[in-house]
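Heads up, structure_5.txt below (compact mmCIF, C-alpha atoms):
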```
# COMPACT_ATOMS: atom_id res chain seq x y z
CA VAL A 265 0.00 0.00 0.00
CA ILE A 266 1.34 3.44 -0.95
CA PRO A 267 -0.46 5.83 1.39
CA ASP A 268 -0.43 9.05 -0.64
CA LEU A 269 -1.59 7.46 -3.87
CA PRO A 270 -5.17 6.58 -4.78
CA LEU A 271 -6.15 2.98 -4.02
CA GLU A 272 -6.52 2.12 -7.68
CA THR A 273 -2.97 3.21 -8.37
CA THR A 274 -1.03 0.38 -9.88
CA MET A 275 2.63 -0.41 -9.60
CA ASN A 276 2.99 0.88 -13.17
CA ASP A 277 1.64 4.28 -12.15
CA TYR A 278 4.04 4.27 -9.24
CA THR A 279 7.06 3.55 -11.42
CA ASP A 280 5.85 6.18 -13.91
CA GLN A 281 5.73 8.71 -11.11
CA LEU A 282 9.23 7.76 -10.03
CA ALA A 283 10.51 8.03 -13.59
CA SER A 284 9.01 11.51 -13.95
CA LEU A 285 11.02 12.69 -10.92
CA ARG A 286 14.29 11.28 -12.22
CA PRO A 287 15.52 14.51 -13.90
CA GLN A 288 15.07 16.54 -10.72
CA LEU A 289 16.81 13.90 -8.60
CA LEU A 290 19.66 13.75 -11.10
CA ARG A 291 20.14 17.50 -11.00
CA PHE A 292 20.22 17.40 -7.21
CA ALA A 293 22.79 14.56 -7.22
CA LYS A 294 24.98 16.23 -9.84
CA SER A 295 25.15 19.47 -7.87
CA GLN A 296 26.61 17.56 -4.94
CA LEU A 297 28.69 14.85 -6.56
CA ARG A 298 29.93 16.87 -9.57
CA ASN A 299 30.38 13.68 -11.53
CA GLU A 300 27.88 12.46 -14.11
CA ALA A 301 28.43 8.72 -13.57
CA TRP A 302 28.36 8.92 -9.76
CA ALA A 303 25.17 10.99 -9.92
CA GLU A 304 23.53 8.47 -12.31
CA ASP A 305 24.43 5.64 -9.93
CA ALA A 306 23.09 7.49 -6.87
CA VAL A 307 19.78 8.22 -8.62
CA SER A 308 19.41 4.68 -9.98
CA GLU A 309 19.99 3.26 -6.50
CA THR A 310 17.47 5.71 -5.06
CA LEU A 311 14.78 4.71 -7.56
CA LEU A 312 15.54 1.03 -7.02
CA ALA A 313 15.17 1.46 -3.25
CA ALA A 314 11.83 3.22 -3.79
CA ILE A 315 10.60 0.44 -6.12
CA GLU A 316 11.71 -2.34 -3.80
CA ASN A 317 10.14 -0.85 -0.71
CA PRO A 318 7.25 1.51 -1.55
CA ALA A 319 5.66 0.85 1.84
CA ALA A 320 8.58 2.71 3.48
CA PHE A 321 6.89 5.93 2.38
CA LYS A 322 4.84 6.88 5.42
CA GLY A 323 2.91 9.71 3.81
CA ASP A 324 3.93 12.20 6.49
CA SER A 325 6.00 14.20 4.01
CA GLN A 326 5.81 14.92 0.31
CA PHE A 327 6.65 12.01 -1.93
CA LYS A 328 9.48 13.99 -3.54
CA THR A 329 10.89 14.95 -0.15
CA TRP A 330 10.93 11.26 0.78
CA LEU A 331 12.88 10.43 -2.37
CA ILE A 332 15.39 13.20 -1.70
CA SER A 333 15.95 11.84 1.79
CA ILE A 334 16.83 8.46 0.23
CA LEU A 335 19.01 10.20 -2.34
CA ARG A 336 21.04 11.93 0.39
CA HIS A 337 22.09 8.52 1.70
CA LYS A 338 22.92 7.26 -1.78
CA VAL A 339 25.02 10.38 -2.47
CA ILE A 340 26.99 9.75 0.74
CA ASP A 341 27.45 6.13 -0.40
CA GLN A 342 28.93 7.41 -3.66
CA PHE A 343 31.36 9.68 -1.81
CA ARG A 344 32.45 6.68 0.30
CA ARG A 345 32.86 4.51 -2.77
CA HIS A 346 35.01 7.13 -4.52
CA ARG A 347 36.80 8.32 -1.40
CA LEU A 348 40.25 8.23 -2.95
CA GLU A 349 39.39 10.79 -5.62
CA ALA A 350 36.50 12.78 -4.15
CA LEU A 351 38.50 15.50 -2.43
CA VAL A 352 41.62 15.57 -4.58
CA SER A 353 42.32 19.24 -5.37
CA THR A 354 42.31 20.48 -8.95
CA SER A 355 44.56 23.37 -10.00
CA GLU A 356 41.57 25.67 -9.61
CA ASP A 357 41.15 24.47 -6.01
CA GLU A 358 44.69 25.65 -5.33
CA VAL A 359 43.95 29.26 -6.25
CA ASP A 360 43.96 31.24 -3.02
CA PHE A 361 41.55 34.18 -2.96
CA ASN A 362 43.28 35.50 0.15
CA ASP A 363 45.96 36.93 -2.11
CA LEU A 364 43.29 38.80 -4.08
CA LEU A 365 41.60 40.15 -0.98
CA PHE A 366 44.53 41.06 1.25
CA HIS A 367 47.79 42.95 0.99
CA ALA A 368 50.96 41.12 2.02
CA ASP A 369 50.69 42.75 5.47
CA GLY A 370 47.28 41.11 6.00
CA HIS A 371 45.10 44.22 5.55
CA TRP A 372 42.11 44.42 3.20
CA ARG A 373 42.83 45.58 -0.34
CA ASP A 374 39.18 46.67 -0.66
CA GLU A 375 37.25 46.79 2.56
CA PRO A 376 34.19 44.53 2.63
CA GLN A 377 30.90 46.33 2.05
CA ASP A 378 27.83 46.02 4.18
CA TRP A 379 25.22 43.59 2.79
CA GLY A 380 22.37 45.31 4.57
CA HIS A 381 19.45 43.25 5.81
CA PRO A 382 19.62 39.65 4.57
CA GLU A 383 15.92 39.18 5.35
CA ALA A 384 14.96 41.45 2.44
CA VAL A 385 17.27 39.64 0.04
CA MET A 386 15.88 36.26 0.97
CA GLN A 387 12.46 37.25 -0.28
CA GLN A 388 13.91 37.24 -3.78
CA ARG A 389 14.00 33.98 -5.67
CA GLN A 390 16.68 35.30 -7.99
CA PHE A 391 19.08 35.71 -5.08
CA PHE A 392 19.01 31.97 -4.49
CA GLN A 393 19.66 31.32 -8.16
CA VAL A 394 22.78 33.47 -7.83
CA LEU A 395 23.82 31.60 -4.68
CA GLU A 396 23.28 28.30 -6.45
CA THR A 397 25.34 29.46 -9.44
CA CYS A 398 28.13 30.57 -7.10
CA CYS A 399 28.12 27.12 -5.47
CA ASP A 400 28.07 25.36 -8.84
CA HIS A 401 31.17 27.31 -9.87
CA LEU A 402 33.23 26.40 -6.84
CA PRO A 403 36.24 24.31 -7.88
CA GLN A 404 35.54 20.58 -7.71
CA ALA A 405 37.03 19.58 -4.35
CA GLN A 406 35.91 22.80 -2.63
CA GLY A 407 32.40 22.36 -4.00
CA ARG A 408 32.15 18.76 -2.85
CA ALA A 409 33.48 19.58 0.62
CA PHE A 410 31.07 22.49 0.95
CA MET A 411 28.07 20.47 -0.23
CA MET A 412 28.92 17.62 2.12
CA ARG A 413 28.90 20.06 5.02
CA GLU A 414 25.92 22.18 4.03
CA TRP A 415 23.67 19.84 2.10
CA LEU A 416 24.40 16.44 3.52
CA GLY A 417 24.95 17.91 6.99
CA LEU A 418 28.07 15.85 7.66
CA GLY A 419 30.44 16.92 10.44
CA THR A 420 34.06 17.69 9.62
CA GLU A 421 35.31 14.63 11.54
CA GLU A 422 32.83 12.45 9.70
CA ILE A 423 33.98 13.77 6.31
CA CYS A 424 37.63 13.15 7.22
CA ARG A 425 36.84 9.64 8.41
CA GLU A 426 34.63 8.62 5.49
CA LEU A 427 36.87 10.10 2.80
CA GLN A 428 40.18 9.51 4.53
CA VAL A 429 41.19 13.13 4.08
CA LYS A 430 43.52 14.92 6.50
CA PRO A 431 41.81 17.47 8.80
CA GLY A 432 44.16 20.23 7.59
CA ASN A 433 43.22 19.58 3.96
CA LEU A 434 39.50 19.75 4.70
CA TRP A 435 40.02 22.97 6.68
CA VAL A 436 41.68 24.58 3.67
CA LEU A 437 38.97 23.39 1.24
CA LEU A 438 36.14 24.71 3.39
CA HIS A 439 37.94 27.98 4.10
CA ARG A 440 38.57 28.60 0.40
CA ALA A 441 35.01 27.63 -0.55
CA ARG A 442 33.46 30.01 1.96
CA LEU A 443 35.78 32.84 0.96
CA ARG A 444 34.96 32.31 -2.73
CA LEU A 445 31.25 32.36 -2.01
CA GLN A 446 31.67 35.67 -0.20
CA VAL A 447 33.45 37.14 -3.21
CA CYS A 448 31.03 35.62 -5.71
CA LEU A 449 27.94 36.94 -3.92
CA GLN A 450 29.48 40.37 -3.58
CA GLU A 451 30.31 40.49 -7.29
CA SER A 452 27.18 38.81 -8.61
CA TRP A 453 24.53 40.26 -6.38
CA PHE A 454 25.39 42.88 -3.81
CA SER A 455 27.46 45.20 -5.98
CA SER A 456 25.35 44.67 -9.08
CA GLU A 457 22.49 47.00 -10.04
CA ALA A 458 20.78 44.31 -12.06
CA PRO A 459 22.18 40.94 -11.04
CA VAL A 460 22.74 38.58 -13.92
CA VAL A 461 22.69 34.95 -12.92
CA GLY A 462 25.85 33.16 -13.90
CA VAL A 463 27.86 35.78 -15.72
CA ALA A 464 29.58 37.48 -12.81
CA ALA A 465 29.99 34.21 -10.97
CA LEU A 466 31.87 32.78 -13.92
CA ARG A 467 34.17 35.76 -13.93
CA VAL A 468 34.86 35.40 -10.22
CA ALA A 469 35.53 31.69 -10.60
CA SER A 470 38.52 32.48 -12.80
CA PRO A 471 40.38 35.47 -11.31
CA VAL B 1044 51.94 40.33 15.45
CA THR B 1045 50.28 43.50 16.69
CA GLY B 1046 48.18 42.04 19.46
CA VAL B 1047 44.96 42.45 17.47
CA GLY B 1048 45.95 40.20 14.55
CA THR B 1049 45.57 41.03 10.87
CA CYS B 1050 42.33 41.20 8.92
CA ARG B 1051 43.45 38.14 6.96
CA GLU B 1052 43.90 36.16 10.18
CA ILE B 1053 40.56 37.35 11.53
CA THR B 1054 38.61 36.36 8.40
CA ALA B 1055 40.20 32.90 8.65
CA ILE B 1056 38.96 32.59 12.24
CA LEU B 1057 35.48 33.82 11.29
CA LEU B 1058 35.17 31.41 8.36
CA ALA B 1059 36.56 28.46 10.33
CA ALA B 1060 33.96 29.09 13.04
CA GLU B 1061 31.33 27.93 10.52
CA ASP B 1062 32.79 24.42 10.64
CA TYR B 1063 34.93 24.15 13.78
CA PRO B 1064 34.83 25.23 17.42
CA THR B 1065 36.77 28.46 18.06
CA SER B 1066 39.62 28.22 20.56
CA GLN B 1067 39.75 30.54 23.58
CA ALA B 1068 42.86 32.21 22.20
CA ASP B 1069 41.14 32.88 18.85
CA SER B 1070 38.01 34.17 20.58
CA ALA B 1071 40.11 36.60 22.60
CA LEU B 1072 41.97 37.74 19.47
CA LEU B 1073 38.64 38.18 17.68
CA ALA B 1074 37.27 40.34 20.49
CA ARG B 1075 40.36 42.57 20.51
CA HIS B 1076 40.35 42.95 16.73
CA MET B 1077 36.64 43.70 16.46
CA GLY B 1078 37.09 46.53 18.91
CA VAL B 1079 39.23 48.40 16.41
CA CYS B 1080 38.22 47.18 12.92
CA ASP B 1081 34.93 48.14 11.26
CA PRO B 1082 35.63 46.29 7.97
CA CYS B 1083 36.00 42.99 9.84
CA ILE B 1084 32.77 43.68 11.75
CA ARG B 1085 31.08 44.00 8.35
CA PHE B 1086 32.73 40.80 7.18
CA GLN B 1087 31.48 39.03 10.30
CA SER B 1088 27.92 40.08 9.57
CA ARG B 1089 28.35 38.91 5.96
CA VAL B 1090 29.42 35.48 7.19
CA ALA B 1091 26.26 35.41 9.32
CA GLY B 1092 24.27 36.54 6.26
CA LEU B 1093 25.68 33.74 4.14
CA ARG B 1094 24.89 31.24 6.91
CA GLN B 1095 21.30 32.48 7.02
CA ALA B 1096 21.03 32.37 3.23
CA THR B 1097 22.45 28.86 3.00
CA ASP B 1098 20.02 27.54 5.64
CA HIS B 1099 17.15 29.22 3.82
CA TRP B 1100 18.26 27.97 0.41
CA ARG B 1101 18.61 24.38 1.60
CA ARG B 1102 15.02 24.32 2.81
CA TYR B 1103 13.73 26.12 -0.28
CA ARG B 1104 15.63 23.82 -2.60
CA ASP B 1105 14.77 20.56 -0.87
CA ILE B 1106 11.09 21.24 -0.90
CA ASP B 1107 10.65 23.34 -3.96
CA ASP B 1108 13.51 23.99 -6.32
CA ALA B 1109 14.90 20.47 -6.59
CA THR B 1110 11.48 19.32 -7.61
CA ARG B 1111 10.44 22.19 -9.87
CA GLU B 1112 9.09 21.05 -13.18
CA ASP B 1113 10.96 23.86 -14.93
CA ALA B 1114 14.20 23.46 -12.95
CA PRO B 1115 17.08 24.41 -15.24
CA GLU B 1116 19.48 21.63 -16.11
```

How does this structure look as structure tokens?
Amino acid sequence: VIPDLPLETTMNDYTDQLASLRPQLLRFAKSQLRNEAWAEDAVSETLLAAIENPAAFKGDSQFKTWLISILRHKVIDQFRRHRLEALVSTSEDEVDFNDLLFHADGHWRDEPQDWGHPEAVMQQRQFFQVLETCCDHLPQAQGRAFMMREWLGLGTEEICRELQVKPGNLWVLLHRARLRLQVCLQESWFSSEAPVVGVAALRVASP
Amino acid sequence: VTGVGTCREITAILLAAEDYPTSQADSALLARHMGVCDPCIRFQSRVAGLRQATDHWRRYRDIDDATREDAPE
């Protein structure tokens, strides 16, 4: 029995419904895993789990939300499976924005501007599209580390343990990711009269 | 070392605090620095703003955006 579906719903309808959600699940997985094949595997395993055990859906949340909760676990499984390569830095990961932001003596080159009241910004859907674009343009290892922390909600010790990465390396990845996001949001949203999704973020991603 | 640290050091402490506990020594340095540096106070509030935005975005995306019919590829 699948509680949120009409009684006459057949297994075929159920699998059709799952198939229709596949593109959204894939997009979600890709944004975290940043690897087409890993994302495909995570989504396939999610759909398989949903087909094998439809009764696990309790109906106390949206069907899609239930699938995403399964997908989170499958994404973590993928990171575990590919632990040796998941957080290997690319050359882009090695670029240090600190040198762009600070003089050699450690003082600001350009002082950070005030972002005003975040509450007002968060009423705007376009702001989140800019934030998403900034995250998508983080270098590979930084982006994965950031998404593991923020989306999968993993602790730093857990990430180090699961992916066998040294604490100092993870510290650097997260530090650089958060600094880049600060710069990207400033460039793409807060200092822009008419923010254009993507364009400024791309520029910031390649200083 | 000036006793109040540099802005570069302070931003590193502020960003690390998003993922790690802040040591007593760093907290003390932060307090001293913030007493004399307006730009770093603004940066601190930006870090809080990004935290707020990320929390908001995660909820919005889980429930809505990730499942939008017209979600861009």

Write down, as a PDB file with C-alpha atoms, in the coordinates of the input, each residue of chain A that has any atom within 9 Å of an atom of chain B, counting only C-alpha atoms.
```
ATOM      1  CA  LEU A 285      11.020  12.690 -10.920  1.00  0.00           C
ATOM      2  CA  PRO A 287      15.520  14.510 -13.900  1.00  0.00           C
ATOM      3  CA  GLN A 288      15.070  16.540 -10.720  1.00  0.00           C
ATOM      4  CA  LEU A 289      16.810  13.900  -8.600  1.00  0.00           C
ATOM      5  CA  ARG A 291      20.140  17.500 -11.000  1.00  0.00           C
ATOM      6  CA  PHE A 292      20.220  17.400  -7.210  1.00  0.00           C
ATOM      7  CA  GLN A 326       5.810  14.920   0.310  1.00  0.00           C
ATOM      8  CA  LYS A 328       9.480  13.990  -3.540  1.00  0.00           C
ATOM      9  CA  THR A 329      10.890  14.950  -0.150  1.00  0.00           C
ATOM     10  CA  ILE A 332      15.390  13.200  -1.700  1.00  0.00           C
ATOM     11  CA  ASN A 362      43.280  35.500   0.150  1.00  0.00           C
ATOM     12  CA  LEU A 365      41.600  40.150  -0.980  1.00  0.00           C
ATOM     13  CA  PHE A 366      44.530  41.060   1.250  1.00  0.00           C
ATOM     14  CA  HIS A 367      47.790  42.950   0.990  1.00  0.00           C
ATOM     15  CA  ASP A 369      50.690  42.750   5.470  1.00  0.00           C
ATOM     16  CA  GLY A 370      47.280  41.110   6.000  1.00  0.00           C
ATOM     17  CA  HIS A 371      45.100  44.220   5.550  1.00  0.00           C
ATOM     18  CA  TRP A 372      42.110  44.420   3.200  1.00  0.00           C
ATOM     19  CA  GLU A 375      37.250  46.790   2.560  1.00  0.00           C
ATOM     20  CA  PRO A 376      34.190  44.530   2.630  1.00  0.00           C
ATOM     21  CA  GLN A 377      30.900  46.330   2.050  1.00  0.00           C
ATOM     22  CA  ASP A 378      27.830  46.020   4.180  1.00  0.00           C
ATOM     23  CA  TRP A 379      25.220  43.590   2.790  1.00  0.00           C
ATOM     24  CA  GLY A 380      22.370  45.310   4.570  1.00  0.00           C
ATOM     25  CA  HIS A 381      19.450  43.250   5.810  1.00  0.00           C
ATOM     26  CA  PRO A 382      19.620  39.650   4.570  1.00  0.00           C
ATOM     27  CA  GLU A 383      15.920  39.180   5.350  1.00  0.00           C
ATOM     28  CA  VAL A 385      17.270  39.640   0.040  1.00  0.00           C
ATOM     29  CA  MET A 386      15.880  36.260   0.970  1.00  0.00           C
ATOM     30  CA  PHE A 392      19.010  31.970  -4.490  1.00  0.00           C
ATOM     31  CA  LEU A 395      23.820  31.600  -4.680  1.00  0.00           C
ATOM     32  CA  GLU A 396      23.280  28.300  -6.450  1.00  0.00           C
ATOM     33  CA  ARG A 413      28.900  20.060   5.020  1.00  0.00           C
ATOM     34  CA  GLU A 414      25.920  22.180   4.030  1.00  0.00           C
ATOM     35  CA  TRP A 415      23.670  19.840   2.100  1.00  0.00           C
ATOM     36  CA  GLY A 419      30.440  16.920  10.440  1.00  0.00           C
ATOM     37  CA  THR A 420      34.060  17.690   9.620  1.00  0.00           C
ATOM     38  CA  TRP A 435      40.020  22.970   6.680  1.00  0.00           C
ATOM     39  CA  LEU A 438      36.140  24.710   3.390  1.00  0.00           C
ATOM     40  CA  HIS A 439      37.940  27.980   4.100  1.00  0.00           C
ATOM     41  CA  ARG A 442      33.460  30.010   1.960  1.00  0.00           C
ATOM     42  CA  LEU A 443      35.780  32.840   0.960  1.00  0.00           C
ATOM     43  CA  LEU A 445      31.250  32.360  -2.010  1.00  0.00           C
ATOM     44  CA  GLN A 446      31.670  35.670  -0.200  1.00  0.00           C
ATOM     45  CA  LEU A 449      27.940  36.940  -3.920  1.00  0.00           C
TER      46      LEU A 449
END
```

Notebook entry, point to check: Which residue out of A:Gln428, A:Ser333, A:Gln296, A:Thr397 has the minimum interatomic distance to Ala409 (chain A) when only C-alpha atoms are used?
Noted result: A:Gln296

Next item on the list: Could you tell me which of A:Trp453, A:Glu300, A:Leu434, A:Asp277 comes closest to Arg408 (chain A) if we count only C-alpha atoms?
Entry: A:Leu434
